[in-house]
>>> print(open('structure-v8.tsv').read())   # TSV, C-alpha atoms
chain	number	residue	atom	x	y	z
M	930	MET	CA	0.00	0.00	0.00
M	931	SER	CA	1.70	3.17	-1.15
M	932	GLU	CA	-1.09	5.64	-0.38
M	933	GLN	CA	-0.89	7.86	2.72
M	934	LEU	CA	-3.39	7.17	5.46
M	935	PRO	CA	-5.20	10.23	6.85
M	936	ALA	CA	-3.49	11.02	10.18
M	937	ALA	CA	-6.70	11.63	12.16
M	938	ASP	CA	-8.26	8.41	10.91
M	939	LEU	CA	-5.09	6.44	11.59
M	940	ARG	CA	-4.99	7.82	15.11
M	941	ALA	CA	-8.65	6.85	15.61
M	942	LEU	CA	-7.92	3.32	14.42
M	943	LEU	CA	-4.87	2.97	16.67
M	944	ASP	CA	-6.90	4.28	19.62
M	945	ALA	CA	-9.63	1.71	18.93
M	946	VAL	CA	-7.07	-1.11	18.64
M	947	LEU	CA	-5.54	-0.05	21.95
M	948	ASP	CA	-9.00	-0.03	23.55
M	949	ALA	CA	-9.48	-3.55	22.25
M	950	ILE	CA	-6.37	-5.02	23.81
M	951	ASP	CA	-5.65	-2.80	26.82
M	952	ILE	CA	-8.29	-4.22	29.15
M	953	PRO	CA	-8.07	-4.43	32.95
M	954	HIS	CA	-5.95	-7.30	34.24
M	955	PRO	CA	-7.56	-10.09	36.27
M	956	ALA	CA	-7.59	-9.66	40.03
M	957	THR	CA	-6.89	-13.30	40.82
M	958	ILE	CA	-5.68	-16.46	39.15
M	959	GLY	CA	-9.31	-17.61	39.17
M	960	ASP	CA	-10.21	-14.66	36.95
M	961	THR	CA	-7.50	-15.40	34.40
M	962	GLU	CA	-9.49	-17.72	32.15
M	963	ALA	CA	-12.41	-15.30	31.67
M	964	TYR	CA	-9.93	-12.44	31.17
M	965	GLN	CA	-8.11	-14.41	28.49
M	966	VAL	CA	-11.36	-15.25	26.68
M	967	ALA	CA	-12.35	-11.56	26.65
M	968	LEU	CA	-8.89	-10.46	25.51
M	969	ASP	CA	-8.69	-13.11	22.78
M	970	ARG	CA	-12.10	-12.12	21.39
M	971	ARG	CA	-11.24	-8.42	21.39
M	972	ALA	CA	-7.75	-8.99	19.94
M	973	ALA	CA	-9.25	-11.03	17.09
M	974	LEU	CA	-11.61	-8.16	16.29
M	975	ALA	CA	-8.67	-5.72	16.30
M	976	VAL	CA	-6.56	-7.92	14.01
M	977	THR	CA	-9.42	-8.41	11.55
M	978	THR	CA	-10.14	-4.69	11.48
M	979	ALA	CA	-6.48	-3.70	11.07
M	980	ARG	CA	-6.06	-6.14	8.19
M	981	ALA	CA	-9.18	-4.78	6.50
M	982	ALA	CA	-8.04	-1.19	7.00
M	983	LEU	CA	-4.67	-1.92	5.39
M	984	ALA	CA	-6.25	-3.76	2.46
M	985	GLU	CA	-8.89	-1.15	1.69
M	986	ASN	CA	-8.97	2.37	0.37
M	987	PRO	CA	-7.15	4.68	2.86
M	988	ASP	CA	-10.14	7.01	2.79
M	989	ASP	CA	-12.19	4.29	4.53
M	990	ILE	CA	-9.91	3.85	7.53
M	991	GLY	CA	-12.17	6.04	9.68
M	992	TRP	CA	-15.04	3.69	8.95
M	993	ASN	CA	-12.89	0.77	10.12
M	994	ALA	CA	-12.16	2.53	13.41
M	995	ASP	CA	-15.86	3.19	13.97
M	996	HIS	CA	-16.71	-0.39	13.04
M	997	LEU	CA	-14.18	-1.75	15.53
M	998	ARG	CA	-15.63	0.43	18.29
M	999	ARG	CA	-19.14	-0.87	17.50
M	1000	ARG	CA	-17.91	-4.47	17.64
M	1001	LEU	CA	-16.02	-3.86	20.90
M	1002	ALA	CA	-19.22	-2.51	22.45
M	1003	GLU	CA	-20.79	-5.89	21.67
M	1004	HIS	CA	-17.92	-7.65	23.51
M	1005	PRO	CA	-17.10	-5.71	26.68
M	1006	PRO	CA	-14.35	-7.10	28.92
M	1007	THR	CA	-16.69	-8.61	31.50
M	1008	GLY	CA	-17.14	-11.93	33.28
M	1009	TYR	CA	-14.14	-11.56	35.57
M	1010	ARG	CA	-13.03	-9.49	38.54
M	1011	SER	CA	-10.33	-7.06	37.48
M	1012	THR	CA	-7.56	-5.44	39.47
M	1013	GLN	CA	-9.51	-2.19	39.14
M	1014	ASP	CA	-12.55	-3.88	40.71
M	1015	ALA	CA	-10.39	-5.22	43.55
M	1016	GLU	CA	-8.84	-1.81	44.20
M	1017	ALA	CA	-12.28	-0.21	44.28
M	1018	GLY	CA	-13.39	-2.79	46.83
M	1019	ARG	CA	-16.03	-4.36	44.59
>>> encode(input="structure-v8.tsv", output="C-alpha cells")
Amino acid sequence: MSEQLPAADLRALLDAVLDAIDIPHPATIGDTEAYQVALDRRAALAVTTARAALAENPDDIGWNADHLRRRLAEHPPTGYRSTQDAEAGR
C-alpha cells in the first residue's frame, strides 16, 4: 500500500485497537481464564479490522475505526473481577 493514510483516521484506528487489547488485568488467578477469553475475542476483532483497514482504500480507515468500536461494544471485557474492581473494593 503506497497511499498515505489520513493522520486523524489512523490515530482513531490505533486508539480503537488499543482499547481492544488494553483491558483491565484479572484480580486473581481464578479470573485469568475469563480475562483471556475476553482479551482473545477483542484482539481477534482488532486484528481483523487492522487487516481490513490496510487492504482497503485509505479514505475508509475512519469507517474501520468506527466499526471496531461498535464491535467492541458488543464484547465488553466482563465476566471476571479485574484489578480495578479489587482496588475499588467491589
>>> residues_around(input="structure-v8.tsv", residues="Thr961 in chain M", least_positions_apart="3", cutoff="12 Å", atoms="only C-alpha atoms", output="list in words")
Pro953, His954, Pro955, Ala956, Thr957, Ile958, Tyr964, Gln965, Val966, Ala967, Leu968, Asp969, Thr1007, Gly1008, Tyr1009, Arg1010, Ser1011 and Thr1012 of chain M
>>> residues_around(input="structure-v8.tsv", residues="range 997-999 of chain M", least_positions_apart="6", cutoff="7 Å", atoms="all atoms listed in the file", output="short mmCIF file (atom, residue, chain, number, x, y, z; two decimals) with C-alpha atoms, in the coordinates of the input")
data_model
loop_
_atom_site.label_atom_id
_atom_site.label_comp_id
_atom_site.auth_asym_id
_atom_site.auth_seq_id
_atom_site.Cartn_x
_atom_site.Cartn_y
_atom_site.Cartn_z
CA ALA M 945 -9.63 1.71 18.93
CA LEU M 974 -11.61 -8.16 16.29
CA ALA M 975 -8.67 -5.72 16.30
CA THR M 978 -10.14 -4.69 11.48
#
>>> atom_distance(input="structure-v8.tsv", atom1="CA of Ala982 in chain M", atom2="CA of Arg940 in chain M")
12.5 Å
>>> closest_residue(input="structure-v8.tsv", among="M:Arg971, M:Pro987, M:Trp992, M:Ala1017", to="Val946 in chain M", atoms="all atoms listed in the file")
M:Arg971
>>> atom_distance(input="structure-v8.tsv", atom1="CA of Leu939 in chain M", atom2="CA of Gly991 in chain M")
7.3 Å
>>> atom_distance(input="structure-v8.tsv", atom1="CA of Ala994 in chain M", atom2="CA of Leu942 in chain M")
4.4 Å
>>> decode(input="structure-v8.tsv", residues="range 967-983 of chain M", atoms="all heavy atoms", output="tab-separated table (two decimals), in the first residue's frame")
chain	number	residue	atom	x	y	z
M	967	ALA	N	-11.97	-12.92	27.06
M	967	ALA	CA	-12.35	-11.56	26.65
M	967	ALA	C	-11.25	-10.92	25.81
M	967	ALA	O	-11.53	-10.33	24.76
M	967	ALA	CB	-12.66	-10.70	27.88
M	968	LEU	N	-10.00	-11.06	26.25
M	968	LEU	CA	-8.89	-10.46	25.51
M	968	LEU	C	-8.72	-11.10	24.13
M	968	LEU	O	-8.54	-10.39	23.14
M	968	LEU	CB	-7.59	-10.61	26.31
M	968	LEU	CG	-6.34	-10.01	25.68
M	968	LEU	CD1	-6.50	-8.51	25.44
M	968	LEU	CD2	-5.13	-10.29	26.56
M	969	ASP	N	-8.82	-12.42	24.07
M	969	ASP	CA	-8.69	-13.11	22.78
M	969	ASP	C	-9.75	-12.65	21.79
M	969	ASP	O	-9.47	-12.41	20.62
M	969	ASP	CB	-8.77	-14.63	22.95
M	969	ASP	CG	-7.55	-15.23	23.62
M	969	ASP	OD1	-6.54	-14.52	23.79
M	969	ASP	OD2	-7.63	-16.42	24.00
M	970	ARG	N	-10.99	-12.55	22.26
M	970	ARG	CA	-12.10	-12.12	21.39
M	970	ARG	C	-11.85	-10.72	20.87
M	970	ARG	O	-11.98	-10.44	19.68
M	970	ARG	CB	-13.40	-12.18	22.16
M	970	ARG	CG	-14.62	-11.82	21.35
M	970	ARG	CD	-15.91	-11.88	22.16
M	970	ARG	NE	-16.08	-13.17	22.81
M	970	ARG	CZ	-16.25	-13.34	24.13
M	970	ARG	NH1	-16.27	-12.31	24.93
M	970	ARG	NH2	-16.40	-14.54	24.63
M	971	ARG	N	-11.45	-9.82	21.76
M	971	ARG	CA	-11.24	-8.42	21.39
M	971	ARG	C	-10.00	-8.27	20.50
M	971	ARG	O	-10.00	-7.48	19.56
M	971	ARG	CB	-11.15	-7.57	22.66
M	971	ARG	CG	-12.50	-7.52	23.38
M	971	ARG	CD	-12.38	-6.92	24.78
M	971	ARG	NE	-12.01	-5.53	24.75
M	971	ARG	CZ	-12.86	-4.52	24.66
M	971	ARG	NH1	-14.16	-4.75	24.57
M	971	ARG	NH2	-12.43	-3.28	24.64
M	972	ALA	N	-8.95	-9.04	20.78
M	972	ALA	CA	-7.75	-8.99	19.94
M	972	ALA	C	-8.06	-9.49	18.52
M	972	ALA	O	-7.57	-8.92	17.54
M	972	ALA	CB	-6.64	-9.81	20.56
M	973	ALA	N	-8.88	-10.52	18.42
M	973	ALA	CA	-9.25	-11.03	17.09
M	973	ALA	C	-10.01	-9.97	16.30
M	973	ALA	O	-9.79	-9.81	15.09
M	973	ALA	CB	-10.10	-12.30	17.23
M	974	LEU	N	-10.89	-9.24	16.96
M	974	LEU	CA	-11.61	-8.16	16.29
M	974	LEU	C	-10.63	-7.07	15.82
M	974	LEU	O	-10.75	-6.56	14.71
M	974	LEU	CB	-12.65	-7.54	17.23
M	974	LEU	CG	-13.84	-8.41	17.58
M	974	LEU	CD1	-14.66	-7.76	18.71
M	974	LEU	CD2	-14.72	-8.65	16.37
M	975	ALA	N	-9.66	-6.75	16.66
M	975	ALA	CA	-8.67	-5.72	16.30
M	975	ALA	C	-7.83	-6.16	15.11
M	975	ALA	O	-7.58	-5.37	14.19
M	975	ALA	CB	-7.79	-5.40	17.50
M	976	VAL	N	-7.39	-7.41	15.11
M	976	VAL	CA	-6.56	-7.92	14.01
M	976	VAL	C	-7.36	-7.90	12.70
M	976	VAL	O	-6.86	-7.44	11.67
M	976	VAL	CB	-6.06	-9.35	14.32
M	976	VAL	CG1	-5.50	-10.02	13.08
M	976	VAL	CG2	-5.02	-9.30	15.42
M	977	THR	N	-8.58	-8.38	12.75
M	977	THR	CA	-9.42	-8.41	11.55
M	977	THR	C	-9.64	-7.00	11.00
M	977	THR	O	-9.54	-6.76	9.80
M	977	THR	CB	-10.77	-9.07	11.86
M	977	THR	OG1	-10.52	-10.39	12.33
M	977	THR	CG2	-11.66	-9.12	10.65
M	978	THR	N	-9.90	-6.07	11.90
M	978	THR	CA	-10.14	-4.69	11.48
M	978	THR	C	-8.87	-4.05	10.91
M	978	THR	O	-8.92	-3.36	9.89
M	978	THR	CB	-10.67	-3.86	12.66
M	978	THR	OG1	-11.88	-4.45	13.13
M	978	THR	CG2	-10.94	-2.42	12.25
M	979	ALA	N	-7.74	-4.27	11.56
M	979	ALA	CA	-6.48	-3.70	11.07
M	979	ALA	C	-6.12	-4.25	9.69
M	979	ALA	O	-5.71	-3.50	8.81
M	979	ALA	CB	-5.35	-3.97	12.07
M	980	ARG	N	-6.32	-5.54	9.51
M	980	ARG	CA	-6.06	-6.14	8.19
M	980	ARG	C	-6.96	-5.52	7.13
M	980	ARG	O	-6.51	-5.22	6.02
M	980	ARG	CB	-6.25	-7.64	8.23
M	980	ARG	CG	-5.12	-8.36	8.90
M	980	ARG	CD	-5.25	-9.85	8.78
M	980	ARG	NE	-4.11	-10.48	9.40
M	980	ARG	CZ	-4.17	-11.62	10.06
M	980	ARG	NH1	-5.31	-12.27	10.17
M	980	ARG	NH2	-3.08	-12.13	10.60
M	981	ALA	N	-8.24	-5.37	7.46
M	981	ALA	CA	-9.18	-4.78	6.50
M	981	ALA	C	-8.79	-3.34	6.19
M	981	ALA	O	-8.82	-2.92	5.03
M	981	ALA	CB	-10.60	-4.83	7.06
M	982	ALA	N	-8.41	-2.59	7.21
M	982	ALA	CA	-8.04	-1.19	7.00
M	982	ALA	C	-6.82	-1.07	6.08
M	982	ALA	O	-6.77	-0.17	5.24
M	982	ALA	CB	-7.74	-0.52	8.34
M	983	LEU	N	-5.86	-1.97	6.23
M	983	LEU	CA	-4.67	-1.92	5.39
M	983	LEU	C	-4.94	-2.38	3.96
M	983	LEU	O	-4.25	-1.96	3.03
M	983	LEU	CB	-3.56	-2.77	6.01
M	983	LEU	CG	-2.95	-2.19	7.28
M	983	LEU	CD1	-2.04	-3.22	7.94
M	983	LEU	CD2	-2.21	-0.90	6.99
